[in-house]
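Take a look at the structure below.
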Amino acid sequence: MKIQEFINYNHICPICEEPLGMYMQWIDSLLFRAKQIEPNVFVFKPILSTGSQDPFDKYKEDYFIMDLTSGKLQTDFTPEIRSLAKKYNMFLFFLCNPAGIKVKSWGDYEIEPYRGCYYRSSPFLEMKGHDRNYEIDLMQPDDKPVINKDECFCVKTKNKDLEKVYMVNLEYLEEKTTLWYYSVTDEQKETMGFKPKLFEKDLPLLKNTPNFSFTDRSRLIERLDNWILMS
């Protein structure tokens, strides 16, 4: 699998049909958000530091460029970012709603599917080459040529004052599906400290990605409800 397949897999959220944002996480270091400036050319700027060794304030004006026009994923860096380039493994991810990035008090973050709506991540990546000839390549088992490492969806339904929340995570390398579900009333939402009872179920990896189109959504919800009732 080429990294271009991951980047071009989809750019529109299958849940709400809004554009997806692309990010890159350097493990225990900087989180970058991408902006497309030309077809197949993206500029990544740091938005958060997840490791104390590379404080965000030091690199917030820096950037790097990813260019796929040659058929390979090539890069160009500001000098400060180049000095970090080969220190860390990394991964790309797409997220529908940036509010799904919940920053923790110590500087790390987590993805909240409820707010994020839709998320998918690449297998781990590594920087290869030297000087200005860096390329980013995939790190994954040869026997599992997956496009996405994880793909997570959150679907909500509302009937009067009761909201039902379904979260489905497809783990392609682990070859499994995880379903989370809970329901909450408007009154419970307003109750400080209230935590709904969370249902969780592990399933085999789905052969087909769920169809979240508005015309088929009721059928999908019925299928998820059946999984919950049979548990």
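Simple scheme: letters A, B, ... for chains in structure tokens order, numbers from 1 for residues in each chain, numbers from 1 for ligands in the order shown.
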
Can you pull out every residue within 8 Å of Met167 of chain A, counting only C-alpha atoms, but drop anything in the same chain fewer than 4 positions away, and send it as a CSV table (one decimal) with C-alpha atoms, in the first residue's frame?
chain,number,residue,atom,x,y,z
A,113,PRO,CA,-15.4,10.2,18.7
A,114,TYR,CA,-18.6,12.0,20.0
A,152,CYS,CA,-13.8,5.3,13.8
A,153,PHE,CA,-17.4,6.5,13.3
A,154,CYS,CA,-19.9,8.1,15.7
A,155,VAL,CA,-23.6,8.1,14.8
A,179,LEU,CA,-18.9,-1.2,19.1
A,180,TRP,CA,-19.6,1.3,22.0
A,181,TYR,CA,-23.1,2.5,22.8

Those of segment 23-57 of chain A in DSSP strand (DSSP E or B), formatted as a list of chain:residue names
A:Tyr23, A:Met24, A:Gln25, A:Trp26, A:Leu30, A:Leu31, A:Phe32, A:Arg33, A:Ala34, A:Lys35, A:Gln36, A:Ile37, A:Glu38, A:Val41, A:Phe42, A:Val43, A:Phe44, A:Lys45, A:Pro46, A:Ile47, A:Leu48, A:Ser49

Taking N, CA and C atoms for each residue, export the selection above as a PDB file, in the first residue's frame.
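The file below, result-v1.pdb, is the result:
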ATOM      1  N   TYR A  23      -3.990  15.582   9.684  1.00  0.00           N
ATOM      2  CA  TYR A  23      -3.026  15.859  10.741  1.00  0.00           C
ATOM      3  C   TYR A  23      -1.888  14.842  10.661  1.00  0.00           C
ATOM      4  N   MET A  24      -0.761  15.196  11.269  1.00  0.00           N
ATOM      5  CA  MET A  24       0.336  14.240  11.449  1.00  0.00           C
ATOM      6  C   MET A  24       0.834  14.327  12.880  1.00  0.00           C
ATOM      7  N   GLN A  25       0.919  13.175  13.541  1.00  0.00           N
ATOM      8  CA  GLN A  25       1.444  13.100  14.906  1.00  0.00           C
ATOM      9  C   GLN A  25       2.830  12.474  14.886  1.00  0.00           C
ATOM     10  N   TRP A  26       3.840  13.219  15.353  1.00  0.00           N
ATOM     11  CA  TRP A  26       5.150  12.634  15.618  1.00  0.00           C
ATOM     12  C   TRP A  26       5.094  12.097  17.045  1.00  0.00           C
ATOM     13  N   LEU A  30       5.552  16.552  18.269  1.00  0.00           N
ATOM     14  CA  LEU A  30       4.639  17.569  17.773  1.00  0.00           C
ATOM     15  C   LEU A  30       3.442  16.976  17.035  1.00  0.00           C
ATOM     16  N   LEU A  31       2.301  17.646  17.170  1.00  0.00           N
ATOM     17  CA  LEU A  31       1.123  17.364  16.363  1.00  0.00           C
ATOM     18  C   LEU A  31       0.994  18.488  15.337  1.00  0.00           C
ATOM     19  N   PHE A  32       0.866  18.121  14.061  1.00  0.00           N
ATOM     20  CA  PHE A  32       0.771  19.079  12.969  1.00  0.00           C
ATOM     21  C   PHE A  32      -0.614  19.005  12.327  1.00  0.00           C
ATOM     22  N   ARG A  33      -1.089  20.151  11.829  1.00  0.00           N
ATOM     23  CA  ARG A  33      -2.284  20.157  10.994  1.00  0.00           C
ATOM     24  C   ARG A  33      -1.888  20.581   9.584  1.00  0.00           C
ATOM     25  N   ALA A  34      -2.498  19.927   8.588  1.00  0.00           N
ATOM     26  CA  ALA A  34      -2.138  20.166   7.197  1.00  0.00           C
ATOM     27  C   ALA A  34      -3.084  21.162   6.534  1.00  0.00           C
ATOM     28  N   LYS A  35      -2.546  21.898   5.570  1.00  0.00           N
ATOM     29  CA  LYS A  35      -3.339  22.740   4.691  1.00  0.00           C
ATOM     30  C   LYS A  35      -2.896  22.457   3.264  1.00  0.00           C
ATOM     31  N   GLN A  36      -3.851  22.131   2.401  1.00  0.00           N
ATOM     32  CA  GLN A  36      -3.518  21.851   1.009  1.00  0.00           C
ATOM     33  C   GLN A  36      -3.351  23.164   0.267  1.00  0.00           C
ATOM     34  N   ILE A  37      -2.188  23.354  -0.386  1.00  0.00           N
ATOM     35  CA  ILE A  37      -1.908  24.607  -1.082  1.00  0.00           C
ATOM     36  C   ILE A  37      -1.921  24.432  -2.602  1.00  0.00           C
ATOM     37  N   GLU A  38      -1.731  23.203  -3.065  1.00  0.00           N
ATOM     38  CA  GLU A  38      -1.814  22.864  -4.479  1.00  0.00           C
ATOM     39  C   GLU A  38      -2.300  21.423  -4.549  1.00  0.00           C
ATOM     40  N   VAL A  41      -0.049  18.806  -2.788  1.00  0.00           N
ATOM     41  CA  VAL A  41       0.974  19.488  -1.981  1.00  0.00           C
ATOM     42  C   VAL A  41       0.317  20.012  -0.709  1.00  0.00           C
ATOM     43  N   PHE A  42       0.916  19.669   0.452  1.00  0.00           N
ATOM     44  CA  PHE A  42       0.353  20.024   1.747  1.00  0.00           C
ATOM     45  C   PHE A  42       1.427  20.685   2.607  1.00  0.00           C
ATOM     46  N   VAL A  43       1.022  21.727   3.338  1.00  0.00           N
ATOM     47  CA  VAL A  43       1.892  22.367   4.328  1.00  0.00           C
ATOM     48  C   VAL A  43       1.403  21.966   5.715  1.00  0.00           C
ATOM     49  N   PHE A  44       2.311  21.444   6.542  1.00  0.00           N
ATOM     50  CA  PHE A  44       1.994  21.041   7.910  1.00  0.00           C
ATOM     51  C   PHE A  44       2.613  22.034   8.885  1.00  0.00           C
ATOM     52  N   LYS A  45       1.777  22.567   9.793  1.00  0.00           N
ATOM     53  CA  LYS A  45       2.264  23.462  10.835  1.00  0.00           C
ATOM     54  C   LYS A  45       1.935  22.874  12.207  1.00  0.00           C
ATOM     55  N   PRO A  46       2.870  22.992  13.180  1.00  0.00           N
ATOM     56  CA  PRO A  46       2.608  22.461  14.525  1.00  0.00           C
ATOM     57  C   PRO A  46       1.433  23.181  15.186  1.00  0.00           C
ATOM     58  N   ILE A  47       0.593  22.408  15.882  1.00  0.00           N
ATOM     59  CA  ILE A  47      -0.509  23.015  16.641  1.00  0.00           C
ATOM     60  C   ILE A  47      -0.465  22.611  18.108  1.00  0.00           C
ATOM     61  N   LEU A  48       0.396  21.642  18.457  1.00  0.00           N
ATOM     62  CA  LEU A  48       0.424  21.127  19.827  1.00  0.00           C
ATOM     63  C   LEU A  48       1.680  20.303  20.011  1.00  0.00           C
ATOM     64  N   SER A  49       2.221  20.302  21.221  1.00  0.00           N
ATOM     65  CA  SER A  49       3.329  19.416  21.561  1.00  0.00           C
ATOM     66  C   SER A  49       2.849  18.360  22.543  1.00  0.00           C
TER      67      SER A  49
END

List every residue of segment 16-58 of chain A that has an atom at most 8 Å from any atom of segment 2-11 of chain A, giving for each one its closest atom pair and the distance in Å to one decimal, counting only C-alpha atoms, sorted by chain and then by ascending residue number, as a Markdown table.
| residue | atom | partner | partner_atom | distance |
| --- | --- | --- | --- | --- |
| A:Pro19 | CA | A:His11 | CA | 5.9 |
| A:Leu20 | CA | A:His11 | CA | 5.3 |
| A:Gly21 | CA | A:His11 | CA | 7.9 |

Atom CA of Thr209 of chain A to atom CA of Leu170 of chain A: how many Å, to one decimal?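 Distance reported for this atom pair: 8.5 Å.
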
- Message: Can you tell me which residues surround Lys86 of chain A at a distance of at most 8 Å, considering only C-alpha atoms, apart from same-chain residues fewer than 6 positions away, and format the answer as a list in words?
- Response: Glu126, Met127 and Lys128 of chain A

For the residues in that selection, give me C-alpha atoms as a PDB file, in the first residue's frame.
ATOM      1  CA  GLU A 126       9.099   6.633   9.260  1.00  0.00           C
ATOM      2  CA  MET A 127      11.359   9.248   7.708  1.00  0.00           C
ATOM      3  CA  LYS A 128      13.973   7.839   5.341  1.00  0.00           C
TER       4      LYS A 128
END

**Q.** One-decimal distance in Å that lies between atom CA of Ile12 of chain A and atom CA of Lys201 of chain A
**A.**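 Separation of atom CA of Lys201 of chain A and atom CA of Ile12 of chain A: 27.5 Å.
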